[in-house]
file query-v4.cif (mmCIF, C-alpha atoms)
data_input
#
loop_
_atom_site.label_atom_id
_atom_site.label_comp_id
_atom_site.auth_asym_id
_atom_site.auth_seq_id
_atom_site.Cartn_x
_atom_site.Cartn_y
_atom_site.Cartn_z
CA MET H 1 135.19 96.57 85.86
CA LYS H 2 137.13 98.23 88.69
CA GLU H 3 134.36 100.73 89.35
CA VAL H 4 131.71 98.03 89.30
CA LEU H 5 133.57 95.92 91.84
CA LEU H 6 134.41 98.88 94.07
CA ASP H 7 130.88 100.20 93.98
CA ASN H 8 129.16 96.95 94.61
CA LEU H 9 131.22 94.56 96.59
CA PHE H 10 134.24 95.70 98.44
CA GLU H 11 134.92 98.07 101.28
CA ILE H 12 138.49 98.70 100.23
CA GLY H 13 140.41 101.68 99.02
CA ASP H 14 140.44 102.60 95.36
CA GLY H 15 144.17 101.82 95.09
CA SER H 16 143.73 98.29 96.39
CA ILE H 17 142.30 96.93 93.16
CA THR H 18 144.64 96.55 90.19
CA PRO H 19 144.57 94.30 87.14
CA GLU H 20 146.97 91.99 88.99
CA THR H 21 144.65 91.62 91.99
CA LYS H 22 143.62 88.03 92.61
CA LEU H 23 140.04 87.35 93.68
CA GLY H 24 141.42 85.59 96.75
CA GLU H 25 142.96 88.90 97.85
CA ILE H 26 139.56 90.52 98.12
CA PRO H 27 138.59 91.02 101.78
CA ASP H 28 136.28 88.29 103.09
CA TRP H 29 136.74 86.25 99.93
CA ASP H 30 135.04 82.86 99.96
CA SER H 31 132.97 80.71 97.64
CA MET H 32 129.82 82.65 98.52
CA VAL H 33 131.45 85.94 97.46
CA ALA H 34 132.40 84.23 94.20
CA VAL H 35 128.69 83.67 93.53
CA ASN H 36 128.01 87.34 94.27
CA ILE H 37 130.65 88.33 91.71
CA GLN H 38 129.10 85.95 89.21
CA ILE H 39 125.67 87.56 89.74
CA LEU H 40 127.13 91.06 89.61
CA LEU H 41 128.97 90.47 86.34
CA ASN H 42 125.87 88.95 84.82
CA ASP H 43 123.67 91.86 85.94
CA THR H 44 126.18 94.49 84.80
CA PHE H 45 127.79 93.07 81.67
CA HIS H 46 125.20 90.40 80.81
CA VAL H 47 127.93 87.79 80.70
CA ASP H 48 127.26 84.36 82.17
CA LEU H 49 130.56 83.34 83.72
CA PRO H 50 130.85 79.78 85.10
CA LEU H 51 131.61 79.60 88.80
CA GLU H 52 134.67 77.45 88.18
CA LEU H 53 136.43 80.43 86.59
CA LEU H 54 135.90 82.56 89.70
CA ARG H 55 138.64 81.06 91.82
CA GLU H 56 140.87 82.64 94.42
CA ASP H 57 143.82 82.68 91.99
CA THR H 58 141.81 84.29 89.16
CA LEU H 59 143.30 87.68 88.20
CA LEU H 60 140.97 90.61 87.66
CA LYS H 61 142.62 91.28 84.29
CA ASP H 62 141.53 87.80 83.17
CA LEU H 63 137.95 88.62 84.11
CA VAL H 64 138.16 91.86 82.13
CA VAL H 65 139.20 89.88 79.06
CA LEU H 66 136.25 87.54 79.45
CA MET H 67 133.82 90.44 79.93
CA GLU H 68 135.09 91.97 76.68
CA ARG H 69 135.23 88.65 74.86
CA PRO H 70 132.52 86.32 76.19
CA ASP H 71 133.22 84.02 73.23
CA LYS H 72 136.50 83.13 75.00
CA ILE H 73 134.71 81.70 78.05
CA SER H 74 134.35 78.17 76.67
CA GLU H 75 138.04 78.09 75.85
CA ALA H 76 138.93 79.36 79.33
CA VAL H 77 136.79 76.66 80.92
CA ARG H 78 138.41 73.99 78.76
CA LYS H 79 141.93 75.18 79.70
CA PHE H 80 140.99 75.31 83.37
CA ARG H 81 139.68 71.72 83.29
CA GLU H 82 142.80 70.51 81.50
CA ARG H 83 144.99 72.07 84.18
CA ASN H 84 142.94 70.53 86.99
CA MET N 1 115.39 84.38 146.42
CA ARG N 2 112.55 84.03 143.92
CA ASN N 3 113.38 82.64 140.51
CA SER N 4 112.10 83.33 137.00
CA VAL N 5 110.36 80.15 135.94
CA ILE N 6 109.34 79.33 132.38
CA ILE N 7 105.63 78.56 132.51
CA SER N 8 104.93 78.51 128.76
CA THR N 9 106.51 78.88 125.34
CA GLY N 10 105.14 79.53 121.87
CA SER N 11 106.24 80.26 118.35
CA HIS N 12 104.93 81.38 115.02
CA LEU N 13 106.40 80.67 111.61
CA PRO N 14 104.93 82.19 108.45
CA GLU N 15 103.08 79.75 106.19
CA THR N 16 105.19 80.27 103.07
CA VAL N 17 107.99 77.71 102.82
CA VAL N 18 110.90 78.63 100.55
CA SER N 19 113.33 75.88 99.56
CA ASN N 20 116.88 76.47 98.35
CA GLU N 21 115.70 75.51 94.86
CA ASP N 22 113.04 78.23 95.05
CA LEU N 23 115.79 80.87 95.26
CA THR N 24 115.89 81.26 91.51
CA GLN N 25 117.67 84.62 91.69
CA PHE N 26 120.87 82.65 92.30
CA PRO N 27 122.75 80.57 89.70
CA ASN N 28 121.56 76.98 89.69
CA GLU N 29 125.13 75.69 89.92
CA ALA N 30 125.57 77.52 93.25
CA ILE N 31 122.43 76.29 95.03
CA HIS N 32 124.13 73.23 96.51
CA LEU N 33 126.55 75.54 98.35
CA ILE N 34 123.73 76.82 100.60
CA GLY N 35 123.12 73.44 102.21
CA GLU N 36 126.80 72.57 102.31
CA LYS N 37 127.90 75.85 103.90
CA THR N 38 125.04 76.30 106.33
CA GLY N 39 122.83 73.23 106.68
CA VAL N 40 119.84 75.36 105.65
CA PHE N 41 117.46 73.75 103.14
CA PHE N 42 114.21 75.61 103.79
CA ARG N 43 113.12 78.85 105.41
CA ARG N 44 109.79 80.56 106.09
CA MET N 45 108.93 83.91 104.59
CA ALA N 46 106.47 86.53 105.82
CA SER N 47 103.91 87.83 103.34
CA ASP N 48 104.05 91.37 102.00
CA LYS N 49 101.40 92.38 104.54
CA GLU N 50 103.11 90.88 107.60
CA CYS N 51 105.63 92.75 109.70
CA THR N 52 107.70 91.87 112.75
CA SER N 53 105.01 92.79 115.28
CA ASP N 54 102.43 90.59 113.50
CA LEU N 55 104.66 87.53 113.86
CA ALA N 56 105.56 88.51 117.42
CA ALA N 57 101.91 88.86 118.43
CA ARG N 58 101.04 85.42 117.01
CA ALA N 59 103.95 83.82 118.90
CA ALA N 60 102.87 85.63 122.06
CA ILE N 61 99.27 84.49 121.70
CA ALA N 62 100.40 80.90 121.03
CA CYS N 63 102.47 81.04 124.22
CA LEU N 64 99.64 82.46 126.36
CA ASP N 65 96.88 80.29 124.87
CA LYS N 66 98.86 77.14 125.62
CA ILE N 67 98.17 77.62 129.32
CA SER N 68 95.04 79.79 129.01
CA TYR N 69 96.94 82.75 130.46
CA SER N 70 95.13 86.06 130.20
CA PRO N 71 97.20 88.78 128.48
CA LYS N 72 95.57 91.23 130.86
CA THR N 73 97.66 89.82 133.70
CA LEU N 74 100.98 90.45 131.92
CA GLU N 75 103.18 93.01 133.67
CA GLY N 76 106.04 93.39 131.20
CA ILE N 77 106.77 92.59 127.55
CA ILE N 78 110.28 92.52 126.14
CA LEU N 79 110.63 92.21 122.38
CA ALA N 80 114.02 91.20 121.01
CA THR N 81 114.33 92.18 117.37
CA SER N 82 116.88 93.53 114.91
CA SER N 83 114.31 93.95 112.14
CA PRO N 84 111.80 96.29 113.81
CA ASP N 85 108.57 97.44 112.20
CA ARG N 86 109.84 101.00 112.11
CA MET N 87 112.73 103.11 113.36
CA GLN N 88 110.31 104.24 116.07
CA PRO N 89 108.24 103.59 118.09
CA ALA N 90 109.25 100.34 119.74
CA THR N 91 107.80 97.34 117.92
CA ALA N 92 106.87 95.91 121.33
CA ALA N 93 104.25 98.65 121.74
CA ARG N 94 102.20 97.34 118.80
CA VAL N 95 102.54 93.78 120.11
CA GLN N 96 101.21 94.90 123.49
CA HIS N 97 98.20 96.45 121.76
CA ILE N 98 97.48 93.49 119.45
CA ILE N 99 97.51 90.92 122.24
CA GLY N 100 95.56 93.15 124.63
CA ALA N 101 98.12 93.29 127.42
CA LYS N 102 96.90 96.64 128.71
CA ARG N 103 98.68 96.50 132.06
CA ALA N 104 102.09 95.59 130.63
CA PHE N 105 104.90 98.01 129.83
CA ALA N 106 106.64 97.03 126.61
CA PHE N 107 110.02 97.78 125.11
CA ASP N 108 112.45 96.53 122.46
CA ILE N 109 115.97 95.29 122.83
CA ASN N 110 118.28 94.98 119.85
CA SER N 111 121.18 92.63 120.40
CA VAL N 112 120.78 91.24 116.89
CA CYS N 113 121.07 87.44 116.97
CA SER N 114 121.96 87.48 120.69
CA GLY N 115 118.57 88.95 121.52
CA SER N 116 117.32 85.78 123.21
CA ALA N 117 120.27 85.59 125.61
CA PHE N 118 119.99 89.27 126.53
CA GLY N 119 116.19 89.08 126.70
CA ILE N 120 116.21 86.08 129.03
CA ALA N 121 118.70 87.85 131.31
CA MET N 122 116.61 91.06 131.31
CA ALA N 123 113.34 89.22 132.01
CA ASP N 124 115.06 87.32 134.81
CA ALA N 125 116.46 90.55 136.29
CA LEU N 126 113.04 92.24 136.25
CA ILE N 127 111.51 89.30 138.11
CA LYS N 128 114.38 88.67 140.53
CA SER N 129 114.45 92.35 141.47
CA GLY N 130 110.79 92.17 142.39
CA TYR N 131 109.81 94.76 139.79
CA CYS N 132 107.63 92.27 137.89
CA GLY N 133 105.70 89.17 138.79
CA ASN N 134 105.76 88.00 135.20
CA VAL N 135 107.44 88.97 131.93
CA LEU N 136 106.68 87.85 128.41
CA LEU N 137 109.80 87.68 126.28
CA VAL N 138 109.15 87.64 122.55
CA ALA N 139 111.75 87.52 119.79
CA SER N 140 110.62 88.22 116.26
CA GLU N 141 112.42 88.81 112.99
CA VAL N 142 111.47 89.46 109.38
CA TYR N 143 114.90 89.49 107.75
CA SER N 144 113.42 88.81 104.32
CA LYS N 145 112.52 92.51 104.22
CA ILE N 146 115.88 93.95 105.27
CA MET N 147 118.08 91.84 103.04
CA ASN N 148 119.36 92.18 99.50
CA ARG N 149 117.69 89.24 97.79
CA LYS N 150 120.63 88.97 95.39
CA ASP N 151 123.30 88.71 98.10
CA PHE N 152 124.33 85.08 98.10
CA SER N 153 126.56 85.68 101.14
CA SER N 154 123.59 86.33 103.40
CA TYR N 155 120.11 86.05 101.88
CA PRO N 156 119.87 82.24 101.66
CA PHE N 157 120.90 81.77 105.29
CA PHE N 158 118.00 83.60 106.90
CA GLY N 159 114.31 83.04 107.55
CA ASP N 160 111.42 84.82 109.23
CA GLY N 161 109.81 83.74 112.50
CA ALA N 162 109.02 84.49 116.11
CA GLY N 163 109.24 82.77 119.47
CA ALA N 164 107.94 83.60 122.93
CA VAL N 165 108.62 82.56 126.52
CA LEU N 166 106.52 83.47 129.53
CA PHE N 167 108.46 83.86 132.77
CA GLN N 168 106.78 84.00 136.15
CA ALA N 169 108.16 84.52 139.64
CA GLY N 170 108.59 81.18 141.38
CA GLY N 171 109.39 80.38 144.99
CA THR N 172 112.11 77.82 144.49
CA SER N 173 115.74 78.34 143.62
CA PHE N 174 115.96 74.98 141.82
CA LYS N 175 113.87 75.92 138.79
CA GLY N 176 113.97 78.66 136.21
CA VAL N 177 116.81 80.89 135.06
CA LEU N 178 119.77 79.91 137.25
CA HIS N 179 122.49 82.03 135.71
CA SER N 180 123.28 84.22 132.69
CA CYS N 181 126.47 85.53 131.08
CA LEU N 182 126.37 88.43 128.63
CA ARG N 183 129.22 89.93 126.63
CA THR N 184 129.73 92.71 124.06
CA ASP N 185 132.71 93.71 121.93
CA GLY N 186 131.83 96.97 120.19
CA SER N 187 135.09 96.97 118.24
CA GLY N 188 133.28 94.56 115.93
CA SER N 189 130.27 96.77 115.37
CA ASP N 190 130.85 96.84 111.60
CA THR N 191 131.05 93.06 111.24
CA ILE N 192 127.26 92.66 111.06
CA SER N 193 125.15 95.68 110.20
CA VAL N 194 122.51 97.46 108.20
CA PRO N 195 124.68 100.48 107.33
CA ALA N 196 122.03 103.02 106.33
CA GLY N 197 118.79 104.29 107.82
CA GLY N 198 120.12 105.47 111.16
CA THR N 199 121.85 108.65 112.24
CA MET N 200 125.30 107.44 111.14
CA LEU N 201 124.19 107.19 107.53
CA PRO N 202 120.69 108.60 106.95
CA PHE N 203 118.91 107.34 103.83
CA ALA N 204 119.32 110.80 102.29
CA ARG N 205 123.13 110.39 102.33
CA MET N 206 123.26 106.88 100.90
CA THR N 207 125.65 106.49 97.98
CA ASN N 208 124.58 102.96 97.08
CA SER N 209 121.24 101.22 97.51
CA ARG N 210 123.04 98.19 98.98
CA GLN N 211 123.76 100.25 102.10
CA ALA N 212 120.09 99.90 103.06
CA PHE N 213 120.44 96.14 103.37
CA PHE N 214 121.83 93.77 105.97
CA LYS N 215 125.44 92.74 105.45
CA MET N 216 127.92 90.61 107.32
CA LYS N 217 131.52 89.53 107.02
CA GLY N 218 130.90 85.82 106.77
CA ILE N 219 134.28 84.38 107.73
CA ASP N 220 134.74 86.79 110.65
CA VAL N 221 131.25 85.94 111.92
CA PHE N 222 131.88 82.21 111.64
CA ASN N 223 135.12 82.38 113.63
CA PHE N 224 133.62 84.73 116.22
CA ALA N 225 130.59 82.49 116.71
CA VAL N 226 132.66 79.34 117.19
CA ASP N 227 135.16 80.99 119.57
CA LYS N 228 132.74 82.99 121.69
CA GLY N 229 129.88 80.49 121.58
CA SER N 230 132.02 77.75 123.10
CA GLU N 231 133.82 80.13 125.48
CA ILE N 232 130.64 81.60 126.97
CA ILE N 233 129.12 78.17 127.61
CA LEU N 234 132.20 77.13 129.58
CA GLN N 235 132.20 80.46 131.46
CA LEU N 236 128.48 80.09 132.30
CA LEU N 237 128.90 76.57 133.64
CA LYS N 238 132.03 77.51 135.59
CA GLU N 239 130.34 80.48 137.25
CA ALA N 240 127.28 78.37 138.07
CA GLY N 241 129.35 75.46 139.32
CA VAL N 242 127.64 73.03 136.95
CA LYS N 243 129.30 70.15 135.07
CA ILE N 244 128.82 70.06 131.33
CA ASP N 245 127.60 66.45 131.58
CA ASP N 246 124.68 67.64 133.73
CA VAL N 247 123.29 69.70 130.84
CA LYS N 248 120.55 67.76 129.06
CA CYS N 249 120.33 69.97 126.00
CA PHE N 250 122.13 72.93 124.44
CA ILE N 251 119.86 75.29 122.55
CA CYS N 252 122.20 77.26 120.39
CA HIS N 253 121.46 80.14 118.05
CA GLN N 254 120.50 78.43 114.80
CA ALA N 255 122.95 80.32 112.61
CA ASN N 256 124.73 77.56 110.80
CA ALA N 257 124.99 73.80 111.31
CA ASN N 258 128.75 73.93 110.85
CA ILE N 259 129.09 76.49 113.68
CA ILE N 260 127.06 74.24 116.00
CA HIS N 261 129.13 71.19 115.06
CA LYS N 262 132.35 73.11 115.77
CA ILE N 263 131.10 74.35 119.14
CA ALA N 264 130.06 70.81 120.10
CA SER N 265 133.47 69.54 119.06
CA ILE N 266 135.34 72.16 121.11
CA LEU N 267 133.22 71.28 124.15
CA SER N 268 133.67 67.53 123.50
CA VAL N 269 129.90 67.18 123.60
CA SER N 270 127.95 65.00 121.17
CA THR N 271 126.12 67.06 118.54
CA ASP N 272 123.03 65.04 119.52
CA ARG N 273 122.80 67.17 122.66
CA PHE N 274 122.52 70.33 120.53
CA PHE N 275 118.96 70.92 119.39
CA MET N 276 118.82 71.87 115.71
CA ASN N 277 115.96 72.95 113.47
CA LEU N 278 117.80 75.35 111.16
CA SER N 279 117.49 73.03 108.16
CA SER N 280 113.76 73.88 108.12
CA TYR N 281 113.74 77.51 109.25
CA GLY N 282 117.17 78.97 108.47
CA ASN N 283 118.69 81.59 110.75
CA THR N 284 115.82 83.51 112.34
CA ALA N 285 118.26 85.81 114.18
CA ALA N 286 117.06 86.76 117.69
CA ALA N 287 114.05 84.46 117.35
CA SER N 288 115.99 81.26 116.67
CA VAL N 289 116.67 80.19 120.26
CA LEU N 290 113.08 80.82 121.41
CA ILE N 291 111.62 78.99 118.40
CA ALA N 292 114.02 76.10 119.06
CA LEU N 293 113.16 76.07 122.77
CA ASP N 294 109.44 75.90 121.99
CA GLU N 295 110.01 73.06 119.54
CA ALA N 296 112.33 71.19 121.91
CA LEU N 297 109.66 71.35 124.62
CA SER N 298 106.71 70.52 122.39
CA THR N 299 108.49 67.51 120.87
CA GLY N 300 109.65 66.22 124.25
CA VAL N 301 113.36 66.62 123.50
CA VAL N 302 113.44 68.82 126.61
CA LYS N 303 111.21 67.96 129.57
CA LYS N 304 110.33 69.42 132.95
CA GLY N 305 113.25 69.19 135.32
CA ASN N 306 115.89 69.17 132.57
CA LEU N 307 118.87 71.47 132.82
CA ILE N 308 119.47 73.33 129.57
CA VAL N 309 121.86 75.96 128.24
CA THR N 310 120.72 78.56 125.74
CA VAL N 311 123.49 80.35 123.87
CA ALA N 312 123.44 83.03 121.19
CA PHE N 313 125.90 85.26 119.34
CA GLY N 314 125.59 87.99 116.76
CA GLY N 315 125.90 91.62 115.79
CA GLY N 316 127.43 94.07 118.17
CA LEU N 317 129.40 91.96 118.43
CA SER N 318 127.45 90.44 121.28
CA TRP N 319 127.05 87.01 122.79
CA GLY N 320 125.52 85.42 125.82
CA ALA N 321 124.32 82.24 127.48
CA ASN N 322 121.71 81.25 130.05
CA LEU N 323 121.49 78.24 132.35
CA ILE N 324 117.87 77.21 132.87
CA ARG N 325 116.15 74.43 134.80
CA ILE N 326 112.86 73.77 133.00
#

call {"tool": "encode", "arguments": {"input": "query-v4.cif", "output": "structure tokens"}}
result
Amino acid sequence: MKEVLLDNLFEIGDGSITPETKLGEIPDWDSMVAVNIQILLNDTFHVDLPLELLREDTLLKDLVVLMERPDKISEAVRKFRERN
Amino acid sequence: MRNSVIISTGSHLPETVVSNEDLTQFPNEAIHLIGEKTGVFFRRMASDKECTSDLAARAAIACLDKISYSPKTLEGIILATSSPDRMQPATAARVQHIIGAKRAFAFDINSVCSGSAFGIAMADALIKSGYCGNVLLVASEVYSKIMNRKDFSSYPFFGDGAGAVLFQAGGTSFKGVLHSCLRTDGSGSDTISVPAGGTMLPFARMTNSRQAFFKMKGIDVFNFAVDKGSEIILQLLKEAGVKIDDVKCFICHQANANIIHKIASILSVSTDRFFMNLSSYGNTAAASVLIALDEALSTGVVKKGNLIVTVAFGGGLSWGANLIRI
């Protein structure tokens, strides 16, 4: 995941991305970049992640979990909607 | 002193219309963001066979034909583009050949989306200095071929197109280009760029295919455009001693409807006085102001005798504005 993001999206140093990094901490983060991440994850991992899970407070480690366990996406969406 | 008077304008937009919904490479749930974030709903796209000089030549011919002006009498051609046919030679050279302007010298300028402002100032300088009796300024862009079609942060905003303006030396100081302001801040040269393909990063040293495509830092560009776009208009009017209320129409670079609304708000000018056509054509980079000017004149929004301000901002970073009496 880290390599994919570093290679494809961000002009930041290797040490800047950790599992605790929030998407909102990515340079130039905005809702358009969120769509680019959605496309990238789909192209790379073939996982269709809803845009509502790609928020500025989403942690990269949470995305890793969903890439490894796409069956958890529906549950994550449900929890997100309950919280909001 | 003789002035540079606009005696004709023209434009050319490729036939193919692409709506936001046609951009099926993007997730359906994200499509609404394009209109919301930019005000762009359609754009034109050049065919596989068309390049920047083809669009430029058609805009140039439209401009000349409108007043039955022979291309053989042209003395100079300036082409503003940031999506040239090739690294070299100048795209303007092919335009000169296609339209049959055998007497005219021709060269490119690349001020990215500010190309119109810089081009108008250069055409004006060539005429005011006495070097030329006329200059054809053309701005042409085919961004669809320099962009990553999967980059949602840039691809949906842009469109292809070309505009042209014919300037001729006039005897009165009341008409034509009255004043120009140009600015550059090279510290922002990485904010908008096509990283690879030049001497800084030759294609052979690319580490990622994305480096061959246009990229921009969206939020930085938005803030820059709003700040500098409004600032340069005020500077232009101050230097020219003109009141903002005397300006009939502002023809702003058609980058983003929200940028134009913000600039209008800062200037306390009604958005109605800002000509907009970006919902139909998207951001056509250097060409946008000249296409808008041609449309504003052909639809009667701007008429002979009107005082207008053209303003543009873009890569470089660069920005500029021109005060023109039509």

call {"tool": "residues_around", "arguments": {"input": "query-v4.cif", "residues": "Ser47 of chain N", "least_positions_apart": "5", "cutoff": "9 Å", "atoms": "only C-alpha atoms", "output": "ChimeraX atom specification"}}
result
/N:14-16

call {"tool": "interface_residues", "arguments": {"input": "query-v4.cif", "of": "chain H", "to": "chain N", "cutoff": "8 Å", "atoms": "all atoms listed in the file", "output": "PDB file with C-alpha atoms, in the frame of the given file"}}
result
ATOM      1  CA  ASP H   7     130.880 100.200  93.980  1.00  0.00           C
ATOM      2  CA  ASN H   8     129.160  96.950  94.610  1.00  0.00           C
ATOM      3  CA  ASP H  28     136.280  88.290 103.090  1.00  0.00           C
ATOM      4  CA  ASP H  30     135.040  82.860  99.960  1.00  0.00           C
ATOM      5  CA  MET H  32     129.820  82.650  98.520  1.00  0.00           C
ATOM      6  CA  VAL H  33     131.450  85.940  97.460  1.00  0.00           C
ATOM      7  CA  VAL H  35     128.690  83.670  93.530  1.00  0.00           C
ATOM      8  CA  ASN H  36     128.010  87.340  94.270  1.00  0.00           C
ATOM      9  CA  ILE H  39     125.670  87.560  89.740  1.00  0.00           C
ATOM     10  CA  LEU H  51     131.610  79.600  88.800  1.00  0.00           C
TER      11      LEU H  51
END

call {"tool": "atom_distance", "arguments": {"input": "query-v4.cif", "atom1": "atom CA of Phe105 of chain N", "atom2": "atom CA of Ser8 of chain N"}}
result
19.5 Å

call {"tool": "atom_distance", "arguments": {"input": "query-v4.cif", "atom1": "atom CA of Asp185 of chain N", "atom2": "atom CA of Gly115 of chain N"}}
result
14.9 Å

call {"tool": "atom_distance", "arguments": {"input": "query-v4.cif", "atom1": "atom CA of Pro70 of chain H", "atom2": "atom CA of Val47 of chain H"}}
result
6.6 Å

call {"tool": "residues_near_point", "arguments": {"input": "query-v4.cif", "point": "(135.6, 95.8, 112.6)", "cutoff": "12 Å", "atoms": "all atoms listed in the file", "output": "list of chain:residue names"}}
result
H:Glu11, N:Asp185, N:Gly186, N:Ser187, N:Gly188, N:Ser189, N:Asp190, N:Thr191, N:Ile192, N:Ser193, N:Met216, N:Lys217, N:Asp220, N:Val221, N:Phe224, N:Gly315, N:Gly316, N:Leu317

call {"tool": "resolve_selection", "arguments": {"input": "query-v4.cif", "expression": "the PyMOL selection byres ((chain N and resi 74) around 7)", "output": "ChimeraX atom specification"}}
result
/N:71-73,75-76,101,103-104,134-135

call {"tool": "residues_around", "arguments": {"input": "query-v4.cif", "residues": "Val138 of chain N", "least_positions_apart": "2", "cutoff": "8 Å", "atoms": "all atoms listed in the file", "output": "MDAnalysis selection string"}}
result
chainID N and resid 56 59:60 77:80 136 140 162:165 287 290

call {"tool": "residues_near_point", "arguments": {"input": "query-v4.cif", "point": "(133.8, 78.6, 82.0)", "cutoff": "10 Å", "atoms": "only C-alpha atoms", "output": "ChimeraX atom specification"}}
result
/H:48-54,66,70,72-81

call {"tool": "resolve_selection", "arguments": {"input": "query-v4.cif", "expression": "the PyMOL selection byres ((chain N and resi 182-184) around 12)", "output": "MDAnalysis selection string"}}
result
chainID N and resid 111:112 114:122 179:181 185:189 224 228:229 231:233 235:236 310:323

call {"tool": "decode", "arguments": {"input": "query-v4.cif", "residues": "segment 70-86 of chain N", "atoms": "N, CA and C atoms", "output": "short mmCIF file (atom, residue, chain, number, x, y, z; two decimals), in the first residue's frame"}}
result
data_model
loop_
_atom_site.label_atom_id
_atom_site.label_comp_id
_atom_site.auth_asym_id
_atom_site.auth_seq_id
_atom_site.Cartn_x
_atom_site.Cartn_y
_atom_site.Cartn_z
N SER N 70 -6.49 39.28 -46.06
CA SER N 70 -5.58 38.32 -46.71
C SER N 70 -4.44 37.92 -45.76
N PRO N 71 -4.22 36.63 -45.59
CA PRO N 71 -3.10 36.20 -44.73
C PRO N 71 -1.74 36.67 -45.27
N LYS N 72 -1.72 36.97 -46.55
CA LYS N 72 -0.45 37.40 -47.16
C LYS N 72 -0.01 38.77 -46.65
N THR N 73 -0.94 39.51 -46.06
CA THR N 73 -0.57 40.84 -45.55
C THR N 73 -0.12 40.79 -44.09
N LEU N 74 -0.23 39.61 -43.46
CA LEU N 74 0.19 39.52 -42.05
C LEU N 74 1.70 39.71 -41.92
N GLU N 75 2.09 40.45 -40.89
CA GLU N 75 3.52 40.71 -40.67
C GLU N 75 4.09 39.86 -39.52
N GLY N 76 3.26 39.54 -38.55
CA GLY N 76 3.76 38.74 -37.43
C GLY N 76 2.68 37.83 -36.88
N ILE N 77 3.08 36.64 -36.47
CA ILE N 77 2.14 35.69 -35.83
C ILE N 77 2.75 35.27 -34.50
N ILE N 78 1.99 35.45 -33.44
CA ILE N 78 2.39 34.96 -32.12
C ILE N 78 1.43 33.84 -31.75
N LEU N 79 1.97 32.70 -31.38
CA LEU N 79 1.12 31.59 -30.93
C LEU N 79 1.39 31.33 -29.46
N ALA N 80 0.36 31.50 -28.64
CA ALA N 80 0.47 31.17 -27.22
C ALA N 80 -0.02 29.73 -27.04
N THR N 81 0.85 28.90 -26.55
CA THR N 81 0.44 27.51 -26.28
C THR N 81 1.34 26.89 -25.23
N SER N 82 0.77 25.99 -24.44
CA SER N 82 1.54 25.19 -23.48
C SER N 82 1.36 23.71 -23.79
N SER N 83 0.78 23.44 -24.96
CA SER N 83 0.66 22.05 -25.43
C SER N 83 1.08 22.03 -26.90
N PRO N 84 2.35 22.34 -27.16
CA PRO N 84 2.81 22.48 -28.55
C PRO N 84 2.75 21.17 -29.32
N ASP N 85 2.79 21.30 -30.64
CA ASP N 85 2.80 20.10 -31.49
C ASP N 85 3.98 19.20 -31.13
N ARG N 86 5.13 19.83 -31.01
CA ARG N 86 6.38 19.11 -30.75
C ARG N 86 7.28 19.98 -29.89
#
